[in-house]
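Visitor: Next up, entry.cif (mmCIF, C-alpha atoms and all ligand atoms).
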```
data_input
#
loop_
_atom_site.label_atom_id
_atom_site.label_comp_id
_atom_site.auth_asym_id
_atom_site.auth_seq_id
_atom_site.Cartn_x
_atom_site.Cartn_y
_atom_site.Cartn_z
CA MET V 1 137.00 -9.06 9.44
CA ASP V 2 137.28 -10.22 5.86
CA PHE V 3 138.84 -7.94 3.27
CA GLU V 4 138.27 -10.27 0.30
CA TYR V 5 135.62 -9.81 -2.35
CA THR V 6 133.48 -12.94 -2.65
CA PRO V 7 133.67 -14.85 -5.97
CA GLU V 8 130.20 -13.47 -6.79
CA GLN V 9 131.34 -9.90 -6.13
CA LEU V 10 134.39 -10.41 -8.36
CA GLN V 11 132.16 -11.79 -11.08
CA LEU V 12 129.81 -8.83 -10.73
CA ARG V 13 132.71 -6.38 -10.94
CA LYS V 14 134.01 -8.09 -14.08
CA ALA V 15 130.57 -8.09 -15.71
CA VAL V 16 129.89 -4.39 -14.99
CA ARG V 17 133.42 -3.45 -16.09
CA GLU V 18 133.00 -5.27 -19.40
CA PHE V 19 129.61 -3.65 -19.93
CA ALA V 20 131.00 -0.16 -19.18
CA ASP V 21 134.00 -0.63 -21.47
CA ALA V 22 131.89 -1.96 -24.34
CA GLU V 23 128.67 0.06 -24.08
CA ILE V 24 129.62 3.32 -22.39
CA ALA V 25 133.30 4.13 -23.05
CA PRO V 26 132.95 4.70 -26.82
CA HIS V 27 130.25 7.39 -26.31
CA VAL V 28 131.39 9.26 -23.20
CA MET V 29 132.68 12.45 -24.81
CA GLU V 30 129.89 12.62 -27.39
CA TRP V 31 127.24 12.41 -24.62
CA ASP V 32 129.13 14.93 -22.51
CA GLU V 33 129.40 17.53 -25.25
CA SER V 34 125.83 17.19 -26.49
CA GLN V 35 124.43 16.66 -22.96
CA THR V 36 122.71 13.50 -24.16
CA PHE V 37 120.95 11.38 -21.55
CA PRO V 38 122.04 7.76 -22.28
CA LEU V 39 118.55 6.29 -22.18
CA GLU V 40 119.39 3.15 -24.16
CA VAL V 41 122.24 2.25 -21.80
CA ILE V 42 120.04 2.89 -18.75
CA LYS V 43 117.40 0.52 -20.15
CA LYS V 44 120.09 -2.14 -20.69
CA LEU V 45 121.33 -1.66 -17.13
CA GLY V 46 117.74 -2.24 -16.01
CA LYS V 47 117.51 -5.50 -17.94
CA LEU V 48 120.76 -6.65 -16.33
CA GLY V 49 119.29 -6.02 -12.86
CA TYR V 50 121.60 -3.12 -12.00
CA MET V 51 118.80 -0.52 -11.60
CA GLY V 52 117.34 -2.40 -8.65
CA ALA V 53 120.37 -4.10 -7.15
CA ILE V 54 119.47 -3.49 -3.49
CA PHE V 55 115.81 -4.58 -3.59
CA PRO V 56 114.48 -8.08 -2.91
CA GLU V 57 113.69 -10.28 -5.88
CA LYS V 58 110.06 -10.25 -4.73
CA TRP V 59 109.88 -6.61 -5.87
CA GLY V 60 111.81 -7.11 -9.10
CA GLY V 61 115.22 -6.36 -7.60
CA ALA V 62 118.46 -8.34 -7.71
CA GLY V 63 118.47 -9.08 -3.97
CA LEU V 64 122.01 -7.76 -3.49
CA GLY V 65 123.48 -5.51 -0.80
CA TYR V 66 125.17 -2.12 -0.62
CA ILE V 67 128.66 -3.58 -1.23
CA GLU V 68 127.47 -4.97 -4.57
CA TYR V 69 125.60 -1.72 -5.25
CA SER V 70 128.84 0.21 -4.58
CA ILE V 71 130.76 -2.09 -6.94
CA ILE V 72 128.21 -1.39 -9.70
CA ILE V 73 128.41 2.39 -9.24
CA GLU V 74 132.22 2.34 -8.98
CA GLU V 75 132.61 0.39 -12.21
CA LEU V 76 130.17 2.54 -14.18
CA SER V 77 131.69 5.76 -12.82
CA ARG V 78 135.23 4.57 -13.61
CA VAL V 79 134.10 5.11 -17.22
CA ASP V 80 131.36 7.78 -16.89
CA GLY V 81 130.24 9.50 -13.70
CA SER V 82 127.03 10.62 -15.41
CA VAL V 83 125.82 7.05 -15.71
CA GLY V 84 126.80 6.49 -12.07
CA ILE V 85 124.77 9.44 -10.79
CA ILE V 86 121.72 8.56 -12.91
CA LEU V 87 121.71 5.09 -11.37
CA ALA V 88 122.41 6.42 -7.86
CA ALA V 89 119.54 8.97 -7.82
CA HIS V 90 117.18 6.40 -9.30
CA THR V 91 118.09 3.60 -6.90
CA SER V 92 119.18 4.78 -3.47
CA LEU V 93 117.06 7.96 -3.43
CA CYS V 94 113.81 7.50 -5.37
CA SER V 95 113.33 3.70 -5.36
CA ASN V 96 114.76 3.21 -1.89
CA HIS V 97 112.49 5.87 -0.35
CA LEU V 98 109.55 3.99 -1.88
CA TYR V 99 110.90 0.61 -0.75
CA LYS V 100 111.67 1.70 2.82
CA MET V 101 108.67 3.91 3.55
CA GLY V 102 106.01 2.71 1.09
CA THR V 103 103.03 0.46 1.69
CA ASP V 104 102.92 -2.94 -0.01
CA GLU V 105 100.37 -1.52 -2.46
CA GLN V 106 102.72 1.33 -3.38
CA ARG V 107 105.67 -1.06 -3.67
CA ALA V 108 103.72 -3.48 -5.85
CA ARG V 109 102.59 -0.66 -8.10
CA TYR V 110 105.95 0.99 -8.69
CA LEU V 111 108.96 -0.97 -7.47
CA PRO V 112 109.06 -3.76 -10.09
CA LYS V 113 108.93 -1.12 -12.86
CA LEU V 114 111.70 0.93 -11.24
CA ALA V 115 113.90 -2.02 -10.29
CA THR V 116 113.92 -3.32 -13.85
CA GLY V 117 114.54 0.08 -15.40
CA GLU V 118 111.18 0.07 -17.19
CA TRP V 119 110.60 3.32 -15.30
CA ILE V 120 113.16 5.91 -14.25
CA GLY V 121 112.88 7.60 -10.87
CA CYS V 122 113.90 10.95 -9.43
CA TRP V 123 113.91 12.39 -5.90
CA SER V 124 113.17 16.05 -5.20
CA LEU V 125 114.14 17.59 -1.90
CA THR V 126 116.22 20.65 -2.81
CA GLU V 127 114.53 23.97 -3.59
CA PRO V 128 115.96 27.30 -4.73
CA GLU V 129 115.77 28.65 -1.15
CA ALA V 130 116.26 25.33 0.64
CA GLY V 131 119.52 23.56 -0.19
CA SER V 132 121.71 22.61 2.77
CA ASP V 133 118.85 23.78 4.96
CA ALA V 134 116.43 21.36 3.31
CA ALA V 135 113.99 21.62 6.20
CA GLY V 136 113.30 25.13 4.88
CA THR V 137 111.17 23.55 2.13
CA ARG V 138 108.54 25.96 0.79
CA THR V 139 106.57 23.68 -1.54
CA THR V 140 103.21 23.08 0.12
CA ALA V 141 100.76 20.20 0.16
CA VAL V 142 97.36 21.38 1.40
CA PHE V 143 94.70 18.79 2.20
CA ASP V 144 91.53 19.80 0.40
CA ASP V 145 88.41 17.77 -0.28
CA GLY V 146 90.14 14.41 0.26
CA GLN V 147 93.17 15.27 -1.85
CA TYR V 148 96.56 16.97 -1.44
CA VAL V 149 97.07 20.07 -3.56
CA ILE V 150 100.76 20.64 -4.21
CA ASN V 151 102.23 24.02 -5.14
CA GLY V 152 105.87 25.04 -5.44
CA ALA V 153 109.10 24.28 -7.26
CA LYS V 154 112.06 21.99 -6.71
CA THR V 155 115.49 22.57 -8.19
CA PHE V 156 118.53 20.44 -9.13
CA THR V 157 116.58 17.18 -9.40
CA THR V 158 118.72 14.48 -11.04
CA ASN V 159 116.83 12.56 -13.79
CA ALA V 160 113.89 15.03 -13.58
CA HIS V 161 113.32 15.27 -17.33
CA HIS V 162 113.43 11.52 -17.88
CA ALA V 163 111.64 10.32 -14.78
CA ASP V 164 108.37 8.39 -14.80
CA LEU V 165 108.05 8.73 -11.03
CA CYS V 166 109.14 11.53 -8.71
CA VAL V 167 109.37 11.31 -4.93
CA ALA V 168 108.91 14.91 -3.76
CA MET V 169 108.87 16.52 -0.33
CA ALA V 170 106.30 19.20 0.57
CA VAL V 171 105.18 21.03 3.71
CA THR V 172 102.03 19.57 5.27
CA ASP V 173 102.23 21.41 8.61
CA ARG V 174 104.14 24.69 8.54
CA SER V 175 104.06 25.08 12.35
CA ALA V 176 105.86 21.77 12.96
CA ALA V 177 109.10 22.65 11.05
CA GLN V 178 111.13 19.43 10.44
CA HIS V 179 108.16 17.33 11.53
CA GLY V 180 105.76 19.04 9.15
CA ILE V 181 107.07 17.81 5.80
CA SER V 182 105.67 14.79 3.92
CA ALA V 183 106.79 12.78 0.91
CA PHE V 184 104.63 12.21 -2.18
CA LEU V 185 104.73 9.88 -5.17
CA VAL V 186 104.08 11.83 -8.34
CA GLU V 187 103.69 10.11 -11.69
CA LYS V 188 104.78 11.76 -14.91
CA GLY V 189 101.73 13.17 -16.67
CA THR V 190 99.87 14.06 -13.46
CA PRO V 191 98.02 17.35 -14.18
CA GLY V 192 99.79 20.30 -12.57
CA PHE V 193 103.16 18.52 -12.48
CA ARG V 194 105.91 19.34 -14.99
CA CYS V 195 109.65 19.81 -15.40
CA GLY V 196 111.12 23.27 -15.84
CA LYS V 197 114.61 24.39 -16.76
CA LYS V 198 117.24 21.76 -17.47
CA GLU V 199 120.57 22.99 -16.11
CA ASN V 200 123.66 23.48 -18.31
CA LYS V 201 126.36 22.04 -16.05
CA LEU V 202 130.14 22.08 -15.52
CA GLY V 203 130.22 18.29 -15.35
CA MET V 204 128.01 15.20 -15.20
CA ARG V 205 126.58 16.64 -18.38
CA ALA V 206 125.00 13.44 -19.69
CA SER V 207 122.86 13.29 -16.57
CA ALA V 208 119.84 15.62 -16.65
CA THR V 209 119.47 17.96 -13.66
CA GLY V 210 116.56 20.34 -13.45
CA GLU V 211 113.48 21.93 -12.02
CA VAL V 212 110.30 20.16 -11.03
CA ILE V 213 107.22 22.38 -10.82
CA PHE V 214 103.86 21.88 -9.08
CA GLU V 215 100.90 24.09 -9.95
CA ASN V 216 97.73 23.02 -8.16
CA CYS V 217 98.80 19.42 -8.63
CA ARG V 218 96.13 17.23 -6.97
CA LEU V 219 97.17 13.90 -5.48
CA SER V 220 95.06 11.27 -3.74
CA GLU V 221 95.98 10.16 -0.24
CA ALA V 222 97.27 6.92 -1.77
CA GLN V 223 100.11 8.97 -3.29
CA ARG V 224 101.43 10.09 0.10
CA LEU V 225 104.59 8.14 0.93
CA GLY V 226 105.40 7.21 4.53
CA THR V 227 104.03 8.68 7.73
CA LEU V 228 102.30 12.07 7.48
CA ASN V 229 104.66 14.92 8.44
CA GLU V 230 107.72 12.64 8.70
CA GLY V 231 108.92 12.93 5.09
CA PHE V 232 111.92 15.08 6.00
CA VAL V 233 113.04 12.78 8.81
CA ASP V 234 112.64 9.83 6.42
CA SER V 235 114.70 11.74 3.84
CA LEU V 236 117.61 11.98 6.26
CA ARG V 237 117.57 8.18 6.66
CA ILE V 238 117.42 7.76 2.89
CA LEU V 239 120.40 10.10 2.54
CA ASP V 240 122.41 7.88 4.93
CA GLY V 241 122.34 5.18 2.24
CA GLY V 242 122.51 7.69 -0.61
CA ARG V 243 125.86 8.96 0.63
CA ILE V 244 127.32 5.49 0.14
CA SER V 245 126.41 5.83 -3.53
CA ILE V 246 128.10 9.25 -3.78
CA ALA V 247 131.22 7.82 -2.13
CA ALA V 248 131.16 4.97 -4.69
CA LEU V 249 130.68 7.51 -7.48
CA SER V 250 133.73 9.42 -6.20
CA ILE V 251 135.83 6.26 -5.87
CA GLY V 252 134.90 5.11 -9.38
CA MET V 253 135.87 8.42 -10.96
CA ALA V 254 139.07 8.63 -8.87
CA GLN V 255 139.98 5.11 -10.04
CA GLY V 256 139.32 6.06 -13.68
CA ALA V 257 141.51 9.18 -13.35
CA TYR V 258 144.28 7.26 -11.55
CA ASP V 259 144.28 4.42 -14.13
CA ALA V 260 144.61 6.96 -16.94
CA ALA V 261 147.42 8.83 -15.15
CA LEU V 262 149.35 5.64 -14.37
CA ARG V 263 149.08 4.50 -18.01
CA TYR V 264 150.11 7.91 -19.35
CA SER V 265 153.08 8.24 -16.98
CA LYS V 266 154.61 5.06 -18.40
CA LEU V 267 154.14 6.16 -22.01
CA ARG V 268 155.07 9.84 -21.83
CA LYS V 269 158.80 10.47 -22.17
CA GLN V 270 160.62 13.65 -21.15
CA PHE V 271 164.35 14.11 -20.61
CA GLY V 272 164.83 10.76 -22.37
CA ARG V 273 162.79 8.60 -20.00
CA PRO V 274 159.20 7.86 -19.00
CA ILE V 275 157.89 10.48 -16.58
CA SER V 276 156.92 7.57 -14.24
CA GLU V 277 160.63 7.31 -13.43
CA PHE V 278 160.63 10.77 -11.80
CA GLN V 279 160.13 10.58 -8.07
CA ALA V 280 157.81 13.60 -8.13
CA ILE V 281 155.40 11.70 -10.41
CA GLN V 282 155.76 8.46 -8.41
CA HIS V 283 154.83 10.28 -5.20
CA LYS V 284 151.70 11.66 -6.82
CA LEU V 285 150.71 8.16 -8.00
CA VAL V 286 151.37 6.75 -4.52
CA ASP V 287 149.24 9.38 -2.78
CA MET V 288 146.44 8.79 -5.28
CA ALA V 289 146.53 5.01 -4.80
CA VAL V 290 146.57 5.31 -0.99
CA GLU V 291 143.59 7.69 -0.97
CA ILE V 292 141.57 5.46 -3.30
CA ASP V 293 142.21 2.46 -1.04
CA ALA V 294 141.32 4.42 2.10
CA ALA V 295 138.12 5.78 0.54
CA ARG V 296 137.06 2.35 -0.67
CA LEU V 297 137.63 0.77 2.74
CA LEU V 298 135.68 3.52 4.51
CA ASN V 299 132.81 3.07 2.07
CA TYR V 300 132.73 -0.72 2.23
CA ARG V 301 132.56 -0.45 6.02
CA ALA V 302 129.50 1.79 5.76
CA ALA V 303 127.96 -0.53 3.14
CA TRP V 304 128.69 -3.61 5.25
CA MET V 305 127.04 -2.01 8.28
CA LEU V 306 123.98 -0.90 6.32
CA ASP V 307 123.57 -4.43 4.94
CA ARG V 308 123.41 -5.60 8.57
CA GLY V 309 120.68 -3.11 9.41
CA LYS V 310 122.89 -0.78 11.42
CA ARG V 311 122.50 3.00 11.45
CA VAL V 312 125.31 4.50 9.33
CA THR V 313 124.83 8.28 9.63
CA ARG V 314 128.40 8.77 10.87
CA GLU V 315 130.07 6.12 8.70
CA SER V 316 128.39 7.01 5.40
CA SER V 317 129.03 10.72 5.96
CA MET V 318 132.69 9.98 6.71
CA ALA V 319 132.97 7.84 3.58
CA LYS V 320 131.23 10.45 1.42
CA LEU V 321 133.29 13.34 2.82
CA PHE V 322 136.65 11.60 2.47
CA ALA V 323 135.99 9.89 -0.88
CA SER V 324 134.63 13.03 -2.57
CA GLU V 325 137.42 15.31 -1.37
CA ALA V 326 140.07 12.69 -2.20
CA ALA V 327 138.54 12.23 -5.66
CA VAL V 328 138.78 15.97 -6.35
CA ARG V 329 142.49 15.89 -5.36
CA ILE V 330 143.12 12.73 -7.39
CA ALA V 331 141.46 14.08 -10.53
CA GLY V 332 143.55 17.27 -10.15
CA GLU V 333 146.78 15.28 -9.89
CA ALA V 334 145.75 13.12 -12.85
CA VAL V 335 145.46 16.29 -14.95
CA GLN V 336 148.83 17.47 -13.60
CA ILE V 337 150.53 14.18 -14.57
CA HIS V 338 149.19 14.63 -18.11
CA GLY V 339 150.70 18.14 -18.31
CA GLY V 340 149.16 20.17 -21.15
CA TYR V 341 147.42 17.08 -22.51
CA GLY V 342 145.43 16.88 -19.29
CA PHE V 343 143.77 20.13 -20.30
CA ILE V 344 142.68 18.72 -23.65
CA LYS V 345 139.43 16.86 -24.23
CA ASP V 346 141.15 14.02 -26.12
CA TYR V 347 142.25 12.61 -22.76
CA PRO V 348 139.75 11.31 -20.19
CA VAL V 349 141.17 13.12 -17.15
CA GLU V 350 139.79 16.50 -18.25
CA LYS V 351 136.25 15.14 -17.88
CA PHE V 352 136.91 13.40 -14.56
CA TYR V 353 138.26 16.74 -13.26
CA ARG V 354 134.97 18.47 -14.13
CA ASP V 355 132.60 15.66 -13.16
CA VAL V 356 134.09 14.84 -9.78
CA LYS V 357 133.44 18.27 -8.25
CA LEU V 358 129.74 17.43 -7.93
CA CYS V 359 130.60 14.79 -5.33
CA THR V 360 131.62 17.40 -2.73
CA ILE V 361 128.25 19.15 -3.24
CA GLY V 362 125.43 16.67 -3.99
CA GLU V 363 123.59 14.83 -1.17
CA GLY V 364 125.06 17.28 1.32
CA THR V 365 128.14 19.47 0.80
CA SER V 366 131.45 18.71 2.53
CA GLU V 367 130.61 21.42 5.06
CA ILE V 368 127.30 19.72 5.85
CA GLN V 369 129.01 16.29 6.12
CA ARG V 370 131.37 17.79 8.71
CA LEU V 371 128.37 19.20 10.57
CA VAL V 372 126.65 15.78 10.52
CA ILE V 373 129.79 13.96 11.68
CA ALA V 374 130.48 16.54 14.40
CA ARG V 375 126.96 16.03 15.78
CA GLN V 376 127.57 12.28 15.88
CA LEU V 377 130.96 12.65 17.56
CA LEU V 378 129.72 15.10 20.17
CA LYS V 379 126.67 13.12 21.20
CA THR V 380 128.74 10.09 22.31
C1 LIG W 1 124.31 18.09 -10.36
C2 LIG W 1 123.46 18.14 -9.13
C3 LIG W 1 122.55 17.11 -8.88
C4 LIG W 1 121.71 17.17 -7.77
N1 LIG W 1 120.74 16.21 -7.59
C5 LIG W 1 119.80 16.38 -6.62
C6 LIG W 1 118.66 15.50 -6.53
O1 LIG W 1 118.53 14.53 -7.31
N2 LIG W 1 117.72 15.76 -5.58
C7 LIG W 1 117.81 16.81 -4.72
O2 LIG W 1 116.93 16.99 -3.88
N3 LIG W 1 118.91 17.64 -4.76
C8 LIG W 1 119.88 17.46 -5.69
N4 LIG W 1 120.95 18.33 -5.77
C9 LIG W 1 121.04 19.44 -4.82
C10 LIG W 1 122.18 19.34 -3.85
O3 LIG W 1 121.92 18.35 -2.89
C11 LIG W 1 122.38 20.75 -3.27
O4 LIG W 1 122.93 21.55 -4.28
C12 LIG W 1 123.26 20.75 -2.04
O5 LIG W 1 122.63 20.10 -0.97
C13 LIG W 1 123.66 22.17 -1.60
O6 LIG W 1 122.57 23.04 -1.57
P1 LIG W 1 122.69 24.47 -2.30
O7 LIG W 1 123.13 24.19 -3.70
O8 LIG W 1 121.43 25.21 -2.13
O9 LIG W 1 123.87 25.21 -1.57
P2 LIG W 1 123.79 26.10 -0.14
O10 LIG W 1 123.03 25.32 0.82
O11 LIG W 1 123.25 27.44 -0.56
O12 LIG W 1 125.27 26.18 0.22
C14 LIG W 1 126.19 27.20 -0.25
C15 LIG W 1 127.48 27.05 0.55
O13 LIG W 1 127.22 27.33 1.95
C16 LIG W 1 127.65 26.24 2.74
N5 LIG W 1 126.77 26.10 3.90
C17 LIG W 1 125.42 26.08 3.93
N6 LIG W 1 124.98 25.89 5.18
C18 LIG W 1 126.06 25.78 5.98
C19 LIG W 1 126.28 25.56 7.38
N7 LIG W 1 125.26 25.41 8.22
N8 LIG W 1 127.56 25.50 7.82
C20 LIG W 1 128.59 25.63 6.97
N9 LIG W 1 128.46 25.84 5.65
C21 LIG W 1 127.22 25.90 5.15
C22 LIG W 1 127.57 25.03 1.81
O14 LIG W 1 128.39 23.97 2.26
C23 LIG W 1 128.06 25.63 0.51
O15 LIG W 1 129.46 25.69 0.51
C24 LIG W 1 121.83 18.25 -6.85
C25 LIG W 1 122.79 19.26 -7.09
C26 LIG W 1 123.58 19.21 -8.22
C27 LIG W 1 124.56 20.35 -8.45
#
```
How would this structure read if it were set down as C-alpha cells?
Ligand SMILES: Cc1cc2nc3c(=O)[nH]c(=O)nc-3n(C[C@H](O)[C@H](O)[C@H](O)COP(=O)(O)OP(=O)(O)OC[C@H]3O[C@@H](n4cnc5c(N)ncnc54)[C@H](O)[C@@H]3O)c2cc1C

Guide:
Amino acid sequence: MDFEYTPEQLQLRKAVREFADAEIAPHVMEWDESQTFPLEVIKKLGKLGYMGAIFPEKWGGAGLGYIEYSIIIEELSRVDGSVGIILAAHTSLCSNHLYKMGTDEQRARYLPKLATGEWIGCWSLTEPEAGSDAAGTRTTAVFDDGQYVINGAKTFTTNAHHADLCVAMAVTDRSAAQHGISAFLVEKGTPGFRCGKKENKLGMRASATGEVIFENCRLSEAQRLGTLNEGFVDSLRILDGGRISIAALSIGMAQGAYDAALRYSKLRKQFGRPISEFQAIQHKLVDMAVEIDAARLLNYRAAWMLDRGKRVTRESSMAKLFASEAAVRIAGEAVQIHGGYGFIKDYPVEKFYRDVKLCTIGEGTSEIQRLVIARQLLKT
C-alpha cells in the first residue's frame, strides 16, 4: 500500500486548484443566482485535457486514471460543485459509456470531440416514472424499416440543454425487462429530438438539469451503442465508475466547506476570543476533518481498483454513500460554525449546504446504495 500522491498527481492538484481559484471562484455566486451554465470555463477545461482525463491519448484523452479524475473533480468542486457535476456527467457517464461500449467507428467519430471539450455530453437514464427503478424505462425504440424510432421522455438529465451528444436508454424488447433496454447515441439537431423543461433547482444551479424528449426520432443502426438489449446492464457498469465521481464531488464540496469553517473559526471572536478556542467548535472541526479523510480514502481505494480493471460495485457504492452523507453533515456543521453568517449568501458555506444535498440523490440515492451494498455483502 502507498498512501502518497505521486509528484504528477500533486502537480495536477496544484494546477486544477489554481485554475479553480482564478477562473471559477470570482463568478460562483453570480452563476448560482442567475443559473448561468459556465460554458467558457468548460471549454477551457476541455483545452486543458480535464474533460477527457480517463480516456487514452489515442482518442483525444489525457490518458490518466480514476485517482487523477477524482483529484480534478475534488478541486473543481472545492470551489463550485456545479462545475464538478457538469464534468462528471460529461466524462464518466456520457463519454465513458461511449468509450467502454462503443465501436471503434463510434469512438473515432465522437470521443476526440468530447474528450477535448469541443462537444459536451449528457447521459439520459432517468424518466419521470423510472428513477431508482431505472429498469422501468418507458421510452421505446422500435425497429422499423432499418431504423430505430424513439418515442418518450427522459427527466433530470445533467447538461441536457448544452449537450451536443446524448447517450439515452430506450426499451427495445418489452418482454425481456432488464435485458430489453438498449443505449443510443443521439446528436443535437436530430429531427424528433429536443430538450424540454430546464429545472429550477435548490442547488447545483449553474449546472443545467432537464428533460430530453423524443418524438418519432429516427436513428440508424449505427447510432445504437453497445449490445442490443444490454443497455441497462451496461448502464449499471457505467454507474460503478460514475459513483466515484459523485464521491469526489462530495469530498470536494466537503473540503471547501471545512476550509471556510476552519478559517472563519480563527477570525470570529466571541466572549473575547476566537471561537476556534471553544472545545465545542474544535470537536466539530475534528469530526469534519476525520470524515473527509475517511471519505477520500474510501474513494481512492475504489478508484485504484477501477484503474486496475477490477469490479468496484461494492467499493464505489460504499465510497459514494459515505462521502455524500458525510458531506451533507460537514456542510451543515460549516453553516453552524458560521452562526448567523452561515445563513447569508456572502459566505460560501450557504451554497455548499444547498449544493451538497444532490450527492445523496444523484446516480442512485443513499437508500439504493445501501441496497446495492447489501446485495454484494449477502452474495459472498
Ligand atoms: C440535479 C440532478 C441531476 C441528475 N442528473 C442525472 C443525469 O445526468 N442522468 C440521469 O439519468 N439521471 C439524473 N438524475 C436523476 C437521479 O439519478 C434520480 O433522481 C435518482 O436516481 C432518484 O430517482 P427519483 O428522483 O425518481 O426518486 P425515487 O426513485 O422516486 O425515490 C424516492 C425515494 O424513494 C426511495 N426509494 C426508491 N426505491 C427504493 C427502494 N427499493 N428501497 C428503499 N428506498 C427506495 C429513494 O431512495 C428516495 O428516497 C439527476 C437528478 C438530479 C436531482

Visitor: Determine, using all atoms listed in the file, which residues of chain V have any atom at most 6 Å from an atom of ligand LIG 1 (chain W), and tabulate each with its shortest atom pair and distance in Å to one decimal place, rows ordered by chain and then rising number, as a Markdown table.

Guide:
```
| residue | atom | partner | partner_atom | distance |
| --- | --- | --- | --- | --- |
| V:Ala89 | CA | W:LIG1 | O1 | 5.7 |
| V:Trp123 | CA | W:LIG1 | N2 | 5.1 |
| V:Ser124 | CA | W:LIG1 | O2 | 4.1 |
| V:Leu125 | CA | W:LIG1 | O2 | 3.5 |
| V:Thr126 | CA | W:LIG1 | O2 | 3.9 |
| V:Ala130 | CA | W:LIG1 | O8 | 5.9 |
| V:Gly131 | CA | W:LIG1 | O8 | 3.2 |
| V:Ser132 | CA | W:LIG1 | O10 | 3.6 |
| V:Phe156 | CA | W:LIG1 | C24 | 4.6 |
| V:Thr157 | CA | W:LIG1 | O1 | 3.9 |
| V:Thr158 | CA | W:LIG1 | O1 | 3.7 |
| V:Thr209 | CA | W:LIG1 | C3 | 5.7 |
| V:Leu358 | CA | W:LIG1 | C27 | 6.0 |
| V:Ile361 | CA | W:LIG1 | C12 | 5.4 |
| V:Gly362 | CA | W:LIG1 | O3 | 4.0 |
| V:Glu363 | CA | W:LIG1 | O3 | 4.3 |
| V:Gly364 | CA | W:LIG1 | O5 | 4.4 |
| V:Thr365 | CA | W:LIG1 | O14 | 4.7 |
| V:Glu367 | CA | W:LIG1 | O14 | 4.4 |
| V:Ile368 | CA | W:LIG1 | O14 | 5.7 |
```

Visitor: Which residue is closest to Ser220 (chain V)? Choose from V:Glu199, V:Glu8, V:Asp240, V:Asp144 and count only C-alpha atoms.

Guide: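 Selected residue with least distance to Ser220 (chain V): V:Asp144.
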
Visitor: If the box runs along x, y and z of the file and leaves 3 Å on each side of region 350-355 of chain V, what are its centre and edge lengths in Å, one decimal, as JSON?

Guide:
```
{"center_x": 136.2, "center_y": 15.9, "center_z": -15.7, "size_x": 13.2, "size_y": 11.1, "size_z": 11.1}
```

Visitor: Go ahead and compute the interatomic distance for CA of Cys94 (chain V) and CA of Lys58 (chain V), in Å to one decimal.

Guide: 18.2 Å

Visitor: I'd like the contact shell of region 321-336 of chain V - 8 Å cut-off, only C-alpha atoms, skipping same-chain residues fewer than 3 positions apart - returned as a ChimeraX atom specification.

Guide: /V:246-248,250-251,253-254,257-258,260-261,284,288,291-292,295-296,317-318,339,341-343,349-350,352-353,356-357,359-360,366,369-370

Visitor: Which of these, V:Met204, V:Ile54, V:Cys217, V:Ala303, has the shortest distance to Ala170 (chain V) once you count all atoms listed in the file?

Guide: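 Residue with the minimum atom-to-atom distance to Ala170 (chain V): V:Cys217.
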
Visitor: Which residue gives the smallest distance to Asp355 (chain V) among V:Gly256, V:Pro128, V:Gly192, V:Gly309, with all atoms listed in the file counted?

Guide: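 Using all atoms listed in the file, the shortest distance to Asp355 (chain V) belongs to V:Gly256.
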
Visitor: Smallest atom-to-atom distance to Cys122 (chain V): which of V:Gln376, V:Ser207, V:Ser70, V:Asn151, using only C-alpha atoms?

Guide: V:Ser207

Visitor: Just the residues within 6 Å of region 82-84 of chain V, please, counting only C-alpha atoms, with nothing from its chain fewer than 2 positions along; format it as a VMD selection string.

Guide: chain V and resid 73 76 to 77 80 86 to 87 204 206 to 207

Visitor: Which protein, DNA or RNA residues have an atom at most 7 Å from (128.6, 5.4, 0.6), counting only C-alpha atoms? List them as a ChimeraX atom specification.

Guide: /V:241-248,299,302-303,316,319-320

Visitor: Enumerate, as a PDB file with C-alpha atoms, in the frame of the given file, the protein, DNA and RNA residues whose atoms approach (91.2, 10.2, -1.4) to within 8 Å, taking into account all atoms listed in the file and the coordinate frame of the file.

Guide:
```
ATOM      1  CA  GLY V 146      90.140  14.410   0.260  1.00  0.00           C
ATOM      2  CA  GLN V 147      93.170  15.270  -1.850  1.00  0.00           C
ATOM      3  CA  SER V 220      95.060  11.270  -3.740  1.00  0.00           C
ATOM      4  CA  GLU V 221      95.980  10.160  -0.240  1.00  0.00           C
ATOM      5  CA  ALA V 222      97.270   6.920  -1.770  1.00  0.00           C
TER       6      ALA V 222
END
```

Visitor: Quick one: of V:Gly180, V:Gly152, V:Gly272, V:Gly226, who's nearest to Tyr99 (chain V), counting only C-alpha atoms?

Guide: V:Gly226

Visitor: Counting all atoms listed in the file, what is within 9 Å of Ala53 (chain V), bar same-chain residues fewer than 4 positions away, as a ChimeraX atom specification?

Guide: /V:49,61-66,68-69,72,91,115

Visitor: Just the number, please: distance in Å from CA of Leu114 (chain V) to CA of Trp59 (chain V), one decimal.

Guide: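 It comes out at 9.4 Å.
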
Visitor: Provide the CA of Ala25 (chain V) to CA of Ala160 (chain V) distance in Å, to one decimal place.

Guide: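 CA of Ala25 (chain V) sits 24.2 Å away from CA of Ala160 (chain V).
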
Visitor: Counting only C-alpha atoms, figure out which residue out of V:Phe232, V:Trp31, V:Trp119, V:Phe143 gets nearest to Lys188 (chain V).

Guide: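 Of V:Phe232, V:Trp31, V:Trp119, V:Phe143, the one nearest Lys188 (chain V) is V:Trp119, counting only C-alpha atoms.
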
Visitor: Would you pick out the contacts of Ile275 (chain V) at 8 Å or less, using all atoms listed in the file, so that residues sharing its chain but fewer than 6 positions from it are not included, and give the list as an mmCIF file with C-alpha atoms, keeping the file's coordinate frame?

Guide:
```
data_model
loop_
_atom_site.group_PDB
_atom_site.id
_atom_site.type_symbol
_atom_site.label_atom_id
_atom_site.label_comp_id
_atom_site.auth_asym_id
_atom_site.auth_seq_id
_atom_site.Cartn_x
_atom_site.Cartn_y
_atom_site.Cartn_z
ATOM 1 C CA SER V 265 153.080 8.240 -16.980
ATOM 2 C CA LYS V 266 154.610 5.060 -18.400
ATOM 3 C CA LEU V 267 154.140 6.160 -22.010
ATOM 4 C CA ARG V 268 155.070 9.840 -21.830
ATOM 5 C CA LYS V 269 158.800 10.470 -22.170
ATOM 6 C CA ILE V 281 155.400 11.700 -10.410
#
```

Visitor: Which polymer residues have any atom within 9 Å of an atom of Leu39 (chain V), counting only C-alpha atoms, with same-chain residues fewer than 4 positions away left out, as a PDB file with C-alpha atoms, in the coordinates of the input?

Guide:
```pdb
ATOM      1  CA  LYS V  43     117.400   0.520 -20.150  1.00  0.00           C
ATOM      2  CA  LYS V  44     120.090  -2.140 -20.690  1.00  0.00           C
ATOM      3  CA  HIS V 162     113.430  11.520 -17.880  1.00  0.00           C
TER       4      HIS V 162
END
```
